[in-house]
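Next up, start14.cif (mmCIF, C-alpha atoms):
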```
data_start
#
loop_
_atom_site.group_PDB
_atom_site.id
_atom_site.type_symbol
_atom_site.label_atom_id
_atom_site.label_comp_id
_atom_site.auth_asym_id
_atom_site.auth_seq_id
_atom_site.Cartn_x
_atom_site.Cartn_y
_atom_site.Cartn_z
ATOM 1 C CA MET G 7 -3.621 -22.331 -30.019
ATOM 2 C CA ILE G 8 -4.349 -18.950 -31.606
ATOM 3 C CA PRO G 9 -6.808 -17.860 -28.847
ATOM 4 C CA VAL G 10 -4.183 -18.723 -26.222
ATOM 5 C CA ILE G 11 -1.583 -16.622 -28.039
ATOM 6 C CA LEU G 12 -4.043 -13.744 -28.264
ATOM 7 C CA LEU G 13 -4.736 -13.991 -24.536
ATOM 8 C CA ILE G 14 -1.018 -13.872 -23.783
ATOM 9 C CA ILE G 15 -0.522 -10.861 -26.039
ATOM 10 C CA SER G 16 -3.518 -9.108 -24.485
ATOM 11 C CA PHE G 17 -2.191 -9.749 -20.996
ATOM 12 C CA PHE G 18 1.204 -8.232 -21.744
ATOM 13 C CA LEU G 19 -0.385 -5.266 -23.505
ATOM 14 C CA TYR G 20 -2.616 -4.728 -20.472
ATOM 15 C CA THR G 21 0.149 -4.959 -17.882
ATOM 16 C CA GLY G 22 2.598 -3.002 -20.032
ATOM 17 C CA ASN G 23 0.365 0.068 -19.853
ATOM 18 C CA TYR G 24 0.807 1.313 -16.290
ATOM 19 C CA TYR G 25 1.091 4.454 -14.181
ATOM 20 C CA HIS G 26 4.661 5.722 -13.872
ATOM 21 C CA ALA G 27 6.230 7.295 -10.807
ATOM 22 C CA ASP G 28 6.892 11.031 -11.160
ATOM 23 C CA GLU G 29 10.051 13.014 -10.406
ATOM 24 C CA THR G 30 8.950 13.671 -6.834
ATOM 25 C CA ALA G 31 8.848 9.930 -6.241
ATOM 26 C CA ALA G 32 12.330 9.500 -7.661
ATOM 27 C CA ALA G 33 13.675 12.115 -5.239
ATOM 28 C CA ALA G 34 12.154 10.234 -2.281
ATOM 29 C CA LEU G 35 14.281 7.203 -3.140
ATOM 30 C CA GLU G 36 17.331 9.159 -2.032
ATOM 31 C CA ALA G 37 18.552 8.551 1.511
ATOM 32 C CA ASP G 38 18.769 11.396 4.007
ATOM 33 C CA GLU G 39 20.052 11.785 7.565
ATOM 34 C CA THR G 40 16.896 10.145 8.969
ATOM 35 C CA VAL G 41 15.994 7.409 6.471
ATOM 36 C CA ALA G 42 18.285 5.025 4.580
ATOM 37 C CA VAL G 43 16.780 3.778 1.314
ATOM 38 C CA THR G 44 18.036 0.505 -0.134
ATOM 39 C CA GLU G 45 16.944 -1.430 -3.219
ATOM 40 C CA THR G 46 16.452 -5.091 -2.339
ATOM 41 C CA GLU G 47 15.526 -8.308 -4.127
ATOM 42 C CA CYS G 48 11.887 -7.754 -3.110
ATOM 43 C CA GLY G 49 11.737 -4.028 -3.826
ATOM 44 C CA TRP G 50 12.866 -1.221 -1.513
ATOM 45 C CA LEU G 51 13.593 -0.842 2.208
ATOM 46 C CA PHE G 52 12.957 2.517 3.898
ATOM 47 C CA ASP G 53 14.980 2.184 7.106
ATOM 48 C CA GLY G 54 14.251 4.948 9.609
ATOM 49 C CA PRO G 55 14.730 5.315 13.373
ATOM 50 C CA SER G 56 12.591 2.291 14.290
ATOM 51 C CA ASP G 57 14.201 -1.014 15.203
ATOM 52 C CA SER G 58 10.934 -2.748 16.084
ATOM 53 C CA ASP G 59 8.135 -1.779 13.653
ATOM 54 C CA CYS G 60 7.952 -2.450 9.921
ATOM 55 C CA LEU G 61 5.178 -2.190 7.334
ATOM 56 C CA ILE G 62 5.162 -4.467 4.294
ATOM 57 C CA PHE G 63 3.526 -2.393 1.550
ATOM 58 C CA TYR G 64 1.816 -3.777 -1.580
ATOM 59 C CA PRO G 65 1.376 -1.220 -4.421
ATOM 60 C CA GLY G 66 -1.835 -0.594 -6.336
ATOM 61 C CA ALA G 67 -2.555 -2.388 -9.599
ATOM 62 C CA LYS G 68 -0.561 -1.231 -12.616
ATOM 63 C CA VAL G 69 1.273 1.396 -10.600
ATOM 64 C CA GLU G 70 5.074 1.613 -10.595
ATOM 65 C CA GLU G 71 6.016 0.695 -7.041
ATOM 66 C CA THR G 72 8.376 3.628 -6.587
ATOM 67 C CA ALA G 73 5.409 6.004 -6.926
ATOM 68 C CA TYR G 74 4.777 5.369 -3.228
ATOM 69 C CA ALA G 75 8.285 6.432 -2.170
ATOM 70 C CA PRO G 76 7.295 9.910 -0.835
ATOM 71 C CA LEU G 77 4.577 8.475 1.418
ATOM 72 C CA LEU G 78 6.719 5.594 2.655
ATOM 73 C CA HIS G 79 9.841 7.696 3.156
ATOM 74 C CA SER G 80 7.809 10.016 5.391
ATOM 75 C CA LEU G 81 6.324 7.064 7.274
ATOM 76 C CA ALA G 82 9.785 5.634 7.953
ATOM 77 C CA ALA G 83 11.004 9.023 9.182
ATOM 78 C CA GLU G 84 8.145 9.103 11.699
ATOM 79 C CA GLY G 85 8.958 5.721 13.202
ATOM 80 C CA MET G 86 7.713 2.853 11.029
ATOM 81 C CA ASP G 87 10.175 1.254 8.624
ATOM 82 C CA VAL G 88 8.727 0.090 5.315
ATOM 83 C CA CYS G 89 9.412 -2.756 2.897
ATOM 84 C CA LEU G 90 7.975 -1.627 -0.450
ATOM 85 C CA VAL G 91 7.304 -4.720 -2.538
ATOM 86 C CA LYS G 92 7.873 -4.910 -6.290
ATOM 87 C CA MET G 93 5.114 -7.101 -7.708
ATOM 88 C CA PRO G 94 5.209 -9.352 -10.785
ATOM 89 C CA PHE G 95 3.512 -7.556 -13.686
ATOM 90 C CA ARG G 96 2.717 -4.744 -11.179
ATOM 91 C CA LEU G 97 -0.220 -6.777 -9.876
ATOM 92 C CA ALA G 98 -0.182 -7.790 -6.208
ATOM 93 C CA ILE G 99 -2.374 -10.808 -6.928
ATOM 94 C CA PHE G 100 0.740 -12.496 -8.363
ATOM 95 C CA GLY G 101 2.856 -11.799 -5.263
ATOM 96 C CA MET G 102 0.533 -12.119 -2.267
ATOM 97 C CA ASN G 103 2.986 -14.275 -0.295
ATOM 98 C CA LYS G 104 6.049 -12.071 -0.804
ATOM 99 C CA ALA G 105 5.592 -11.005 2.827
ATOM 100 C CA ASP G 106 6.817 -14.480 3.839
ATOM 101 C CA ASP G 107 10.307 -13.786 2.498
ATOM 102 C CA LEU G 108 10.503 -10.358 4.103
ATOM 103 C CA MET G 109 9.488 -11.549 7.557
ATOM 104 C CA ALA G 110 12.052 -14.337 7.285
ATOM 105 C CA GLU G 111 14.820 -11.951 6.211
ATOM 106 C CA TYR G 112 14.408 -9.036 8.620
ATOM 107 C CA ASP G 113 14.256 -9.081 12.398
ATOM 108 C CA TYR G 114 11.425 -6.750 13.477
ATOM 109 C CA THR G 115 9.314 -7.251 16.587
ATOM 110 C CA HIS G 116 6.100 -5.903 15.095
ATOM 111 C CA TRP G 117 5.113 -6.587 11.499
ATOM 112 C CA TYR G 118 2.340 -4.726 9.708
ATOM 113 C CA ILE G 119 1.052 -5.360 6.215
ATOM 114 C CA GLY G 120 -0.903 -3.042 3.967
ATOM 115 C CA GLY G 121 -1.187 -1.438 0.609
ATOM 116 C CA HIS G 122 -3.080 0.783 -1.769
ATOM 117 C CA SER G 123 -6.186 -0.194 -3.737
ATOM 118 C CA LEU G 124 -5.761 -3.758 -5.085
ATOM 119 C CA GLY G 125 -2.488 -3.980 -3.182
ATOM 120 C CA GLY G 126 -4.354 -3.255 0.043
ATOM 121 C CA ALA G 127 -7.020 -5.839 -0.722
ATOM 122 C CA ILE G 128 -4.378 -8.497 -1.389
ATOM 123 C CA ALA G 129 -2.526 -7.498 1.786
ATOM 124 C CA ALA G 130 -5.775 -7.954 3.725
ATOM 125 C CA ASP G 131 -6.199 -11.421 2.193
ATOM 126 C CA TYR G 132 -2.689 -12.297 3.341
ATOM 127 C CA ALA G 133 -3.426 -10.977 6.831
ATOM 128 C CA ALA G 134 -6.591 -13.085 7.026
ATOM 129 C CA SER G 135 -4.506 -16.264 6.926
ATOM 130 C CA HIS G 136 -1.348 -15.016 8.678
ATOM 131 C CA GLY G 137 -2.831 -12.987 11.505
ATOM 132 C CA GLN G 138 -0.679 -14.497 14.236
ATOM 133 C CA GLN G 139 2.478 -13.268 12.519
ATOM 134 C CA LEU G 140 1.219 -9.695 12.284
ATOM 135 C CA THR G 141 0.498 -6.765 14.574
ATOM 136 C CA GLY G 142 -1.621 -4.699 12.210
ATOM 137 C CA VAL G 143 -3.018 -3.940 8.763
ATOM 138 C CA VAL G 144 -3.043 -0.651 6.815
ATOM 139 C CA LEU G 145 -5.659 -0.253 4.075
ATOM 140 C CA LEU G 146 -5.382 2.755 1.758
ATOM 141 C CA ALA G 147 -8.465 3.037 -0.450
ATOM 142 C CA ALA G 148 -8.912 -0.708 0.036
ATOM 143 C CA TYR G 149 -11.102 -3.190 1.899
ATOM 144 C CA ALA G 150 -11.006 -6.669 3.385
ATOM 145 C CA THR G 151 -12.980 -9.577 1.942
ATOM 146 C CA LYS G 152 -12.204 -12.105 4.694
ATOM 147 C CA PRO G 153 -12.333 -11.865 8.506
ATOM 148 C CA LEU G 154 -9.246 -10.412 10.180
ATOM 149 C CA ASP G 155 -8.092 -11.552 13.640
ATOM 150 C CA GLY G 156 -9.450 -9.471 16.491
ATOM 151 C CA HIS G 157 -6.007 -8.587 17.857
ATOM 152 C CA LEU G 158 -4.914 -6.866 14.645
ATOM 153 C CA LEU G 159 -4.571 -3.089 14.699
ATOM 154 C CA VAL G 160 -6.381 -2.129 11.485
ATOM 155 C CA THR G 161 -6.257 1.343 9.955
ATOM 156 C CA SER G 162 -8.463 2.046 6.917
ATOM 157 C CA ILE G 163 -7.997 5.383 5.116
ATOM 158 C CA TYR G 164 -9.638 6.788 1.983
ATOM 159 C CA GLY G 165 -10.203 10.164 0.341
ATOM 160 C CA SER G 166 -13.545 11.952 0.182
ATOM 161 C CA GLU G 167 -13.069 12.585 -3.557
ATOM 162 C CA ASP G 168 -12.089 9.014 -4.463
ATOM 163 C CA GLY G 169 -13.761 8.096 -7.745
ATOM 164 C CA VAL G 170 -12.128 4.677 -8.117
ATOM 165 C CA LEU G 171 -12.827 2.954 -4.796
ATOM 166 C CA ASN G 172 -16.049 0.946 -4.668
ATOM 167 C CA MET G 173 -17.696 2.541 -1.633
ATOM 168 C CA LYS G 174 -20.315 -0.191 -1.302
ATOM 169 C CA ARG G 175 -17.599 -2.838 -1.025
ATOM 170 C CA LEU G 176 -15.697 -0.636 1.415
ATOM 171 C CA GLU G 177 -18.753 -0.540 3.676
ATOM 172 C CA GLU G 178 -19.388 -4.262 3.249
ATOM 173 C CA GLY G 179 -15.758 -4.902 4.152
ATOM 174 C CA ASP G 180 -16.269 -3.371 7.591
ATOM 175 C CA GLN G 181 -17.863 -6.622 8.751
ATOM 176 C CA TYR G 182 -14.493 -8.354 8.384
ATOM 177 C CA LEU G 183 -12.564 -5.828 10.484
ATOM 178 C CA PRO G 184 -11.975 -6.059 14.241
ATOM 179 C CA ASP G 185 -14.176 -3.871 16.427
ATOM 180 C CA SER G 186 -11.129 -1.775 17.254
ATOM 181 C CA ALA G 187 -10.449 -0.903 13.590
ATOM 182 C CA GLY G 188 -10.101 2.761 12.712
ATOM 183 C CA ARG G 189 -11.707 4.026 9.502
ATOM 184 C CA TYR G 190 -10.775 7.527 8.385
ATOM 185 C CA GLN G 191 -11.820 9.768 5.512
ATOM 186 C CA ILE G 192 -9.339 12.394 4.351
ATOM 187 C CA GLU G 193 -11.381 15.426 3.349
ATOM 188 C CA GLY G 194 -10.396 16.539 -0.145
ATOM 189 C CA GLY G 195 -8.240 13.494 -0.842
ATOM 190 C CA ASN G 196 -8.719 11.193 -3.817
ATOM 191 C CA HIS G 197 -7.554 7.742 -4.920
ATOM 192 C CA ALA G 198 -4.299 8.470 -6.722
ATOM 193 C CA GLN G 199 -2.693 10.862 -4.266
ATOM 194 C CA PHE G 200 -1.610 8.137 -1.864
ATOM 195 C CA GLY G 201 1.085 7.727 -4.508
ATOM 196 C CA ASN G 202 2.905 10.073 -6.877
ATOM 197 C CA TYR G 203 1.949 8.869 -10.332
ATOM 198 C CA GLY G 204 -0.358 11.579 -11.627
ATOM 199 C CA PRO G 205 -4.114 11.481 -12.284
ATOM 200 C CA GLN G 206 -5.843 8.110 -12.438
ATOM 201 C CA GLN G 207 -8.628 7.301 -14.863
ATOM 202 C CA GLY G 208 -12.044 7.556 -13.226
ATOM 203 C CA ASP G 209 -10.750 9.297 -10.114
ATOM 204 C CA GLY G 210 -12.263 12.398 -8.569
ATOM 205 C CA GLU G 211 -10.455 15.726 -8.466
ATOM 206 C CA ALA G 212 -8.618 16.254 -5.198
ATOM 207 C CA ALA G 213 -9.123 19.461 -3.221
ATOM 208 C CA ILE G 214 -5.794 19.063 -1.406
ATOM 209 C CA THR G 215 -2.240 18.405 -2.593
ATOM 210 C CA PRO G 216 -0.571 14.983 -2.607
ATOM 211 C CA GLU G 217 1.757 16.264 0.112
ATOM 212 C CA GLU G 218 -1.206 17.182 2.330
ATOM 213 C CA GLN G 219 -2.975 13.873 1.727
ATOM 214 C CA GLN G 220 0.160 11.856 2.445
ATOM 215 C CA ALA G 221 1.014 13.879 5.564
ATOM 216 C CA GLN G 222 -2.447 13.166 6.978
ATOM 217 C CA THR G 223 -2.077 9.489 6.051
ATOM 218 C CA VAL G 224 1.244 9.186 7.867
ATOM 219 C CA LYS G 225 -0.166 10.860 10.976
ATOM 220 C CA LEU G 226 -3.197 8.566 11.049
ATOM 221 C CA ILE G 227 -1.020 5.460 10.747
ATOM 222 C CA ILE G 228 1.524 6.548 13.336
ATOM 223 C CA ASP G 229 -1.065 7.818 15.833
ATOM 224 C CA ARG G 230 -2.862 4.464 15.790
#
```
This structure in structure tokens:
Amino acid sequence: MIPVILLIISFFLYTGNYYHADETAAAALEADETVAVTETECGWLFDGPSDSDCLIFYPGAKVEETAYAPLLHSLAAEGMDVCLVKMPFRLAIFGMNKADDLMAEYDYTHWYIGGHSLGGAIAADYAASHGQQLTGVVLLAAYATKPLDGHLLVTSIYGSEDGVLNMKRLEEGDQYLPDSAGRYQIEGGNHAQFGNYGPQQGDGEAAITPEEQQAQTVKLIIDR
């Protein structure tokens, strides 16, 4: 019994120590004349001009989900609405199928799924078994571990200074992507700057600002 209790305590200590969203992220949760921002049961909805396209976004491990608000607010403003998912214990592995509820609740023509780091990997796993319900996949500093349907529009983006992403696994993951997949390196970008939660342990030092990295990310997603 004691080892089980210790495991439980260790788990909560581990998940209780996470990266917090900064003030910039908090500001991006405010609605403006282009994007309405609403807190939902599943997380947050960034509702921009689009009536047809929506991205379901899974956050990185142990990152407060609202840290991705600046990136996702900008993406919604450019024409792709976003459902930002709040994960149990801030680990997407415990909420892989949350996309089911979102696709049942909202009426979009084209659904995309994606995420950052572990969130992206879990989103890719979901896409591997739900390909017919999806139009595309967005991987930010993440990789697939199972084959994705050939019709899926896959966009894979990472920073040149990323010190967290396993580059060998990223390259190995290419075999699971459709031939049409786009893989892009943001020069000067790192792992953490897809979100706004400060420096991440083990990451490289970025040569560009978070705003620059996120602006390039939005353009790459929208242009695909």
Test item: the PyMOL selection byres ((chain G and resi 168) around 12) resolved as JSON, numbers by chain: {"G": [123, 146, 147, 148, 163, 164, 165, 166, 167, 169, 170, 171, 172, 173, 176, 191, 192, 193, 194, 195, 196, 197, 198, 199, 200, 205, 206, 207, 208, 209, 210, 211, 212, 213]}
Explicit residue set for the PyMOL selection byres ((chain G and resi 186) around 9), as a list in words: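 Checking the PyMOL selection byres ((chain G and resi 186) around 9) against this file, the residues are Gly156, His157, Leu158, Leu159, Val160, Leu183, Pro184, Asp185, Ala187 and Gly188 of chain G.
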Counting only C-alpha atoms, which residues of segment 100-188 of chain G sit at most 12 Å from some atom of segment 78-90 of chain G, and what is each one's closest atom pair with its distance in Å to one decimal, listed by chain and rising residue number, as CSV?
```
residue,atom,partner,partner_atom,distance
G:Lys104,CA,G:Cys89,CA,10.6
G:Ala105,CA,G:Cys89,CA,9.1
G:Asp107,CA,G:Cys89,CA,11.1
G:Leu108,CA,G:Cys89,CA,7.8
G:Met109,CA,G:Cys89,CA,10.0
G:Glu111,CA,G:Cys89,CA,11.2
G:Tyr112,CA,G:Cys89,CA,9.9
G:Asp113,CA,G:Asp87,CA,11.7
G:Tyr114,CA,G:Asp87,CA,9.4
G:Thr115,CA,G:Met86,CA,11.6
G:His116,CA,G:Met86,CA,9.8
G:Trp117,CA,G:Asp87,CA,9.8
G:Tyr118,CA,G:Val88,CA,9.1
G:Ile119,CA,G:Cys89,CA,9.4
G:Gly120,CA,G:Leu90,CA,10.0
G:Gly121,CA,G:Leu90,CA,9.2
G:His122,CA,G:Leu90,CA,11.4
G:Gly125,CA,G:Leu90,CA,11.1
G:Val144,CA,G:Val88,CA,11.9
```
Which centre and edge lengths in Å to one decimal define the box along x, y and z that fits every listed atom of segment 191-198 of chain G plus 4 Å per side, as lines of an AutoDock Vina configuration file?
```
center_x = -8.1
center_y = 12.1
center_z = -0.6
size_x = 15.5
size_y = 16.8
size_z = 20.2
```
Any chance you could work out the residue set of the PyMOL selection byres ((chain G and resi 128-140) around 8) here, as an mmCIF file with C-alpha atoms, in the coordinates of the input?
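Listed below is the output, part_25.cif:
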```
data_model
loop_
_atom_site.group_PDB
_atom_site.id
_atom_site.type_symbol
_atom_site.label_atom_id
_atom_site.label_comp_id
_atom_site.auth_asym_id
_atom_site.auth_seq_id
_atom_site.Cartn_x
_atom_site.Cartn_y
_atom_site.Cartn_z
ATOM 1 C CA PHE G 63 3.526 -2.393 1.550
ATOM 2 C CA TYR G 64 1.816 -3.777 -1.580
ATOM 3 C CA ALA G 98 -0.182 -7.790 -6.208
ATOM 4 C CA ILE G 99 -2.374 -10.808 -6.928
ATOM 5 C CA MET G 102 0.533 -12.119 -2.267
ATOM 6 C CA ASN G 103 2.986 -14.275 -0.295
ATOM 7 C CA HIS G 116 6.100 -5.903 15.095
ATOM 8 C CA TRP G 117 5.113 -6.587 11.499
ATOM 9 C CA TYR G 118 2.340 -4.726 9.708
ATOM 10 C CA ILE G 119 1.052 -5.360 6.215
ATOM 11 C CA GLY G 120 -0.903 -3.042 3.967
ATOM 12 C CA GLY G 121 -1.187 -1.438 0.609
ATOM 13 C CA LEU G 124 -5.761 -3.758 -5.085
ATOM 14 C CA GLY G 125 -2.488 -3.980 -3.182
ATOM 15 C CA GLY G 126 -4.354 -3.255 0.043
ATOM 16 C CA ALA G 127 -7.020 -5.839 -0.722
ATOM 17 C CA THR G 141 0.498 -6.765 14.574
ATOM 18 C CA GLY G 142 -1.621 -4.699 12.210
ATOM 19 C CA VAL G 143 -3.018 -3.940 8.763
ATOM 20 C CA LEU G 145 -5.659 -0.253 4.075
ATOM 21 C CA TYR G 149 -11.102 -3.190 1.899
ATOM 22 C CA ALA G 150 -11.006 -6.669 3.385
ATOM 23 C CA THR G 151 -12.980 -9.577 1.942
ATOM 24 C CA LYS G 152 -12.204 -12.105 4.694
ATOM 25 C CA PRO G 153 -12.333 -11.865 8.506
ATOM 26 C CA LEU G 154 -9.246 -10.412 10.180
ATOM 27 C CA ASP G 155 -8.092 -11.552 13.640
ATOM 28 C CA LEU G 158 -4.914 -6.866 14.645
#
```
Selected residue of minimal separation from Gln219 of chain G among G:Gly101, G:Gly201, G:Gly66, G:Gly49, counting only C-alpha atoms: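 Ranked by minimum distance to Gln219 of chain G, first place goes to G:Gly201.
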Coordinates-based distance that separates atom CA of Asn202 of chain G from atom CA of Ile214 of chain G (Å, one decimal):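 A separation of 13.7 Å between them.
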One-decimal distance in Å that lies between atom CA of Val91 of chain G and atom CA of Thr44 of chain G: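 Atom CA of Val91 of chain G lies at a distance of 12.2 Å from atom CA of Thr44 of chain G.
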Counting only C-alpha atoms, the option among G:Ala67, G:Gln181, G:Ala32, G:Pro76 closest to Pro216 of chain G: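 Closest residue, counting only C-alpha atoms: G:Pro76.
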Atomic distance atom CA of Phe95 of chain G - atom CA of Glu71 of chain G, expressed in Å with one decimal: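 These two atoms are separated by 10.9 Å.
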Top pick for closest residue to Thr223 of chain G, considering G:Asp106, G:Thr161, G:Thr46, G:Glu177 and counting all atoms listed in the file: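 The answer is G:Thr161, which sits nearest to Thr223 of chain G.
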